[in-house]
file query.txt (compact mmCIF, C-alpha atoms)
# COMPACT_ATOMS: atom_id res chain seq x y z
CA MET J 32 29.19 -7.29 12.28
CA THR J 33 30.05 -8.80 15.65
CA THR J 34 28.38 -11.56 17.66
CA THR J 35 28.95 -9.77 20.96
CA PRO J 36 28.07 -6.18 21.84
CA PRO J 37 30.90 -3.67 21.83
CA GLY J 38 31.95 -2.27 25.17
CA SER J 39 29.87 0.85 24.64
CA ALA J 40 26.56 -1.08 24.74
CA THR J 41 25.43 -1.57 28.33
CA ALA J 42 22.48 -3.41 29.81
CA ASP J 43 20.84 -0.04 30.50
CA ASP J 44 21.26 0.89 26.83
CA ALA J 45 19.70 -2.41 25.82
CA ARG J 46 16.73 -1.96 28.14
CA ALA J 47 16.22 1.65 27.06
CA MET J 48 16.27 0.62 23.42
CA LEU J 49 13.83 -2.26 23.97
CA ASP J 50 11.50 0.14 25.82
CA ALA J 51 11.71 2.61 22.93
CA LEU J 52 10.79 -0.16 20.50
CA ALA J 53 7.80 -1.09 22.67
CA THR J 54 6.63 2.54 22.53
CA ASP J 55 7.02 2.51 18.73
CA SER J 56 4.93 -0.67 18.52
CA ASP J 57 2.18 1.07 20.49
CA ARG J 58 2.33 4.05 18.11
CA LEU J 59 2.15 1.76 15.09
CA ALA J 60 -0.82 -0.09 16.60
CA SER J 61 -2.61 3.22 17.29
CA ARG J 62 -2.05 4.19 13.67
CA ALA J 63 -3.97 1.11 12.53
CA VAL J 64 -7.30 2.43 13.82
CA ALA J 65 -10.25 2.87 11.48
CA PRO J 66 -9.98 6.07 9.41
CA ALA J 67 -13.31 7.57 10.51
CA PRO J 68 -16.44 6.74 12.55
CA TRP J 69 -18.28 5.88 9.33
CA TYR J 70 -15.75 3.18 8.42
CA TYR J 71 -17.36 0.14 10.09
CA PRO J 72 -21.00 1.03 9.26
CA ALA J 73 -19.95 1.69 5.65
CA LEU J 74 -18.27 -1.74 5.40
CA ALA J 75 -21.35 -3.34 6.97
CA ALA J 76 -23.70 -1.48 4.58
CA ALA J 77 -21.66 -2.63 1.56
CA ALA J 78 -21.83 -6.24 2.78
CA ALA J 79 -25.58 -5.94 3.37
CA ALA J 80 -26.11 -4.47 -0.11
CA MET J 81 -24.22 -7.38 -1.68
CA VAL J 82 -26.36 -9.90 0.17
CA TRP J 83 -29.56 -7.99 -0.67
CA ALA J 84 -28.74 -7.78 -4.41
CA PRO J 85 -30.32 -11.16 -5.40
CA ALA J 86 -33.67 -9.91 -4.01
CA LEU J 87 -33.86 -7.48 -6.96
CA GLY J 88 -34.56 -10.42 -9.25
CA ASP J 89 -33.06 -11.62 -12.53
CA GLY J 90 -32.71 -8.16 -14.09
CA GLY J 91 -29.56 -6.09 -14.49
CA GLY J 92 -30.35 -4.26 -11.24
CA SER J 93 -29.22 -7.27 -9.21
CA ILE J 94 -25.86 -7.52 -10.98
CA ALA J 95 -25.38 -3.74 -10.91
CA LEU J 96 -25.99 -3.57 -7.15
CA LEU J 97 -23.68 -6.53 -6.56
CA GLY J 98 -20.94 -4.81 -8.61
CA LEU J 99 -21.44 -1.43 -6.92
CA ALA J 100 -21.40 -2.97 -3.46
CA ALA J 101 -18.21 -4.91 -4.23
CA LEU J 102 -16.61 -1.72 -5.58
CA ALA J 103 -17.67 0.22 -2.48
CA PHE J 104 -16.24 -2.51 -0.28
CA ALA J 105 -12.87 -2.39 -2.06
CA SER J 106 -12.80 1.44 -1.97
CA ILE J 107 -13.53 1.56 1.75
CA ALA J 108 -10.79 -0.98 2.50
CA SER J 109 -8.37 0.96 0.28
CA ALA J 110 -9.20 4.18 2.19
CA HIS J 111 -7.93 2.46 5.32
CA ARG J 112 -4.59 1.62 3.66
CA LYS J 113 -4.18 5.22 2.45
CA GLN J 114 -5.03 6.62 5.87
CA THR J 115 -2.53 4.50 7.77
CA GLY J 116 0.22 4.53 5.13
CA VAL J 117 1.23 1.03 6.15
CA SER J 118 0.50 -2.46 4.91
CA VAL J 119 0.74 -5.25 7.50
CA ARG J 120 2.27 -8.66 6.78
CA ILE J 121 -0.17 -11.54 7.11
CA ALA J 122 2.31 -13.42 9.29
CA ALA J 123 2.29 -10.55 11.79
CA ALA J 124 -1.48 -10.68 12.31
CA PRO J 125 -2.62 -14.32 11.92
CA TRP J 126 -5.64 -14.08 14.24
CA THR J 127 -6.89 -10.95 12.51
CA LEU J 128 -6.68 -12.81 9.22
CA ALA J 129 -8.51 -15.81 10.71
CA LEU J 130 -11.33 -13.54 11.95
CA ALA J 131 -11.54 -11.73 8.59
CA VAL J 132 -11.79 -15.10 6.80
CA ALA J 133 -14.52 -16.26 9.23
CA VAL J 134 -16.55 -13.08 8.65
CA SER J 135 -16.10 -13.44 4.88
CA VAL J 136 -17.27 -17.06 5.00
CA VAL J 137 -20.43 -16.09 6.92
CA VAL J 138 -21.22 -13.17 4.57
CA GLY J 139 -20.45 -15.40 1.57
CA GLY J 140 -22.83 -18.04 2.97
CA LEU J 141 -25.55 -15.41 3.38
CA LEU J 142 -25.01 -14.30 -0.23
CA VAL J 143 -25.35 -17.90 -1.43
CA SER J 144 -28.54 -18.36 0.60
CA SER J 145 -29.92 -15.14 -0.95
CA PHE J 146 -29.24 -16.51 -4.44
CA VAL J 147 -30.91 -19.82 -3.49
CA LEU J 148 -34.00 -18.02 -2.16
CA ALA J 149 -34.09 -15.78 -5.26
CA SER J 150 -33.95 -18.84 -7.52
CA ARG J 151 -37.01 -20.18 -5.65
CA GLU J 152 -38.81 -16.87 -6.21
CA ALA J 153 -38.86 -16.33 -2.43
CA HIS J 154 -37.68 -12.72 -2.70
CA GLY J 155 -39.55 -11.65 0.44
CA GLN J 156 -37.65 -14.17 2.56
CA ILE J 157 -34.27 -12.73 1.51
CA LEU J 158 -34.79 -9.62 3.61
CA TRP J 159 -33.43 -11.11 6.85
CA ALA J 160 -30.10 -12.00 5.25
CA PRO J 161 -28.86 -8.40 4.63
CA GLY J 162 -29.65 -7.52 8.25
CA VAL J 163 -27.61 -10.46 9.50
CA ALA J 164 -24.79 -9.58 7.06
CA PHE J 165 -24.79 -5.99 8.35
CA LEU J 166 -24.52 -7.11 11.98
CA VAL J 167 -21.86 -9.76 11.30
CA MET J 168 -19.72 -7.33 9.29
CA LEU J 169 -20.15 -4.51 11.82
CA VAL J 170 -19.26 -6.60 14.87
CA GLY J 171 -16.64 -8.61 12.95
CA SER J 172 -14.78 -5.57 11.60
CA VAL J 173 -14.72 -3.79 14.98
CA ALA J 174 -13.41 -6.98 16.61
CA ALA J 175 -10.85 -7.51 13.83
CA ASP J 176 -9.58 -3.94 14.25
CA ARG J 177 -9.07 -4.39 18.00
CA LEU J 178 -7.38 -7.74 17.45
CA HIS J 179 -5.19 -6.18 14.78
CA ARG J 180 -3.98 -3.47 17.14
CA ALA J 181 -3.24 -6.05 19.85
CA GLU J 182 -1.27 -8.19 17.41
CA LEU J 183 0.74 -5.20 16.19
CA ARG J 184 1.62 -4.27 19.79
CA ARG J 185 2.98 -7.78 20.31
CA ALA J 186 4.76 -7.99 16.94
CA ARG J 187 8.42 -7.21 17.50
CA MET O 114 12.36 -20.61 16.02
CA PRO O 115 14.02 -17.84 18.07
CA ALA O 116 16.86 -16.02 16.34
CA GLU O 117 20.47 -16.52 17.42
CA PRO O 118 21.73 -13.47 19.32
CA GLN O 119 23.91 -11.58 16.83
CA PHE O 120 24.89 -8.04 17.68
CA ASP O 121 24.85 -5.98 14.48
CA GLU O 122 26.52 -2.58 14.74
CA ALA O 123 25.00 -1.56 11.41
CA ILE O 124 21.54 -1.29 12.99
CA HIS O 125 22.46 -0.46 16.58
CA ALA O 126 22.04 3.31 16.10
CA PRO O 127 18.63 4.26 17.55
CA THR O 128 16.98 5.58 14.39
CA ARG O 129 18.20 2.62 12.31
CA LEU O 130 17.01 0.10 14.88
CA ARG O 131 13.66 1.80 15.43
CA LEU O 132 13.08 1.99 11.67
CA CYS O 133 13.87 -1.70 11.12
CA ALA O 134 11.74 -2.73 14.11
CA MET O 135 8.85 -0.57 12.87
CA LEU O 136 9.02 -2.29 9.47
CA ARG O 137 9.30 -5.81 10.98
CA PRO O 138 5.52 -6.59 11.05
CA LEU O 139 4.81 -4.65 7.83
CA GLU O 140 4.81 -5.48 4.13
CA SER O 141 5.68 -1.86 3.49
CA ALA O 142 5.18 1.62 4.89
CA ASP O 143 4.98 5.02 3.24
CA PHE O 144 7.84 7.42 3.95
CA ALA O 145 5.52 10.04 5.48
CA ALA O 146 3.87 7.48 7.77
CA LEU O 147 7.27 6.34 9.02
CA ALA O 148 8.50 9.88 9.68
CA GLU O 149 5.30 10.69 11.57
CA THR O 150 5.21 7.50 13.63
CA LEU O 151 8.93 7.52 14.49
CA GLU O 152 8.82 11.31 15.07
CA VAL O 153 12.05 11.93 13.12
CA SER O 154 12.81 14.60 10.53
CA HIS O 155 12.42 13.78 6.85
CA ALA O 156 16.12 14.51 6.29
CA ASN O 157 17.21 12.15 9.08
CA LEU O 158 14.85 9.41 7.94
CA SER O 159 15.87 9.79 4.31
CA LYS O 160 19.56 9.43 5.20
CA THR O 161 18.87 6.43 7.45
CA ILE O 162 16.83 4.69 4.77
CA ARG O 163 19.52 5.30 2.16
CA ASN O 164 22.22 3.84 4.42
CA LEU O 165 20.17 0.75 5.27
CA ALA O 166 19.21 0.27 1.61
CA ASP O 167 22.93 0.36 0.72
CA LEU O 168 23.48 -2.44 3.23
CA GLY O 169 20.69 -4.47 1.59
CA TYR O 170 18.47 -4.26 4.70
CA LEU O 171 15.72 -2.17 3.07
CA THR O 172 14.16 -1.82 -0.36
CA LEU O 173 12.38 1.24 -1.73
CA ALA O 174 9.51 1.43 -4.19
CA LYS O 175 7.93 4.50 -5.72
CA ARG O 176 4.35 4.66 -6.91
CA PRO O 177 2.16 7.45 -8.25
CA SER O 178 -0.08 9.13 -5.71
CA LEU O 179 -3.78 9.44 -6.52
CA GLU O 180 -4.18 12.04 -3.78
CA ARG O 181 -1.59 14.49 -5.13
CA ASP O 182 -1.99 16.88 -8.03
CA ASP O 183 1.74 17.20 -8.73
CA SER O 184 3.97 14.58 -10.31
CA ARG O 185 5.70 13.56 -7.07
CA ARG O 186 5.49 9.90 -6.22
CA VAL O 187 4.94 8.17 -2.89
CA THR O 188 7.96 6.26 -1.56
CA SER O 189 7.27 3.06 0.31
CA VAL O 190 9.88 1.18 2.29
CA SER O 191 10.16 -2.54 3.11
CA LEU O 192 12.49 -4.65 5.22
CA THR O 193 14.36 -7.29 3.19
CA PRO O 194 14.85 -10.88 4.44
CA LEU O 195 18.49 -9.92 5.16
CA GLY O 196 17.32 -6.92 7.20
CA ARG O 197 14.76 -9.05 9.04
CA ALA O 198 17.40 -11.65 9.97
CA ALA O 199 19.81 -8.91 11.14
CA LEU O 200 17.07 -7.26 13.22
CA ASP O 201 15.94 -10.53 14.81
CA GLY O 202 19.53 -11.40 15.74
CA HIS O 203 20.20 -7.93 17.10
CA LEU O 204 17.00 -7.87 19.18
CA ALA O 205 17.88 -11.30 20.59
CA ALA O 206 21.32 -9.93 21.52
CA LEU O 207 19.77 -6.87 23.22
CA ARG O 208 17.32 -9.05 25.16
CA GLU O 209 20.14 -11.35 26.22
CA LEU O 210 22.22 -8.39 27.37
CA ALA O 211 19.31 -6.89 29.35
CA ARG O 212 18.40 -10.27 30.86
CA ALA O 213 21.96 -11.20 31.82
CA ALA O 214 22.41 -7.88 33.60
CA SER O 215 19.18 -8.29 35.56
CA ILE O 216 20.26 -11.80 36.72
CA ASP O 217 23.66 -10.47 37.94
call {"tool": "encode", "arguments": {"input": "query.txt", "output": "structure tokens"}}
result
Amino acid sequence: MTTTPPGSATADDARAMLDALATDSDRLASRAVAPAPWYYPALAAAAAAMVWAPALGDGGGSIALLGLAALAFASIASAHRKQTGVSVRIAAAPWTLALAVAVSVVVGGLLVSSFVLASREAHGQILWAPGVAFLVMLVGSVAADRLHRAELRRAR
Amino acid sequence: MPAEPQFDEAIHAPTRLRLCAMLRPLESADFAALAETLEVSHANLSKTIRNLADLGYLTLAKRPSLERDDSRRVTSVSLTPLGRAALDGHLAALRELARAASID
């Protein structure tokens, strides 16, 4: 290892190599797109189903729907990892993580409010919450994906 | 904190440098994804990975594939902290070289 470049490395070489790395970053960022057009609506539907589950009442149906929706959510996210073949470091995409946490907090809050309404036997009033969860997850996941690509382009 | 410029001949070769830089923002990447994104042959990539792993710059992990019927396993590749430090120093050296030339 040397601290200075050998004579064979010129400024033109350095610039050409840095340009090639920038192109690779763009390719990597393009690879991180959603696997299919159904990806975002499917995530949003899973979030909405989770939030709607308490409206089914105290029976096993509520727990079963909650479990199925959580499983669907995990499977959809895993499909993304398989499609891209890469797993991004959290440190390389801090704003994407912040947005994902914010969306999760909102959806989690909606789920809690659904449980509260269900405990007060106000099942009819729960219906707005899944709609809001669907919209928040849909818009949030599209925004997170775009942010993710931008962060990957900058990460080098 | 920006890395100290440190030219590292071990990763100066284009495929080695591109591979390390590709892995820089990633936890890991599958072999096939790397070959496709870097547009290099499997043989070339395999040799490059082996050389960098021997230097301690990369680690390899194999896991079973749920998508495949055969017994072959998926290889995933990660940059080690040593590899990350070498890459950061080398990129700083390249940027310095490019910048110094443009000032002259």
call {"tool": "interface_residues", "arguments": {"input": "query.txt", "of": "chain J", "to": "chain O", "cutoff": "12 Å", "atoms": "all atoms listed in the file", "output": "PyMOL selection string"}}
result
chain J and resi 32-63+109-110+112-125+179-180+182-187
call {"tool": "atom_distance", "arguments": {"input": "query.txt", "atom1": "atom CA of Ala100 of chain J", "atom2": "atom CA of Trp83 of chain J"}}
result
10.0 Å
call {"tool": "residues_around", "arguments": {"input": "query.txt", "residues": "segment 103-107 of chain J", "least_positions_apart": "2", "cutoff": "12 Å", "atoms": "all atoms listed in the file", "output": "number ranges by chain"}}
result
J: 65-67, 69-81, 96-101, 109-114, 168
call {"tool": "atom_distance", "arguments": {"input": "query.txt", "atom1": "atom CA of Val82 of chain J", "atom2": "atom CA of Ala95 of chain J"}}
result
12.7 Å
call {"tool": "atom_distance", "arguments": {"input": "query.txt", "atom1": "atom CA of Trp126 of chain J", "atom2": "atom CA of Ala181 of chain J"}}
result
10.1 Å
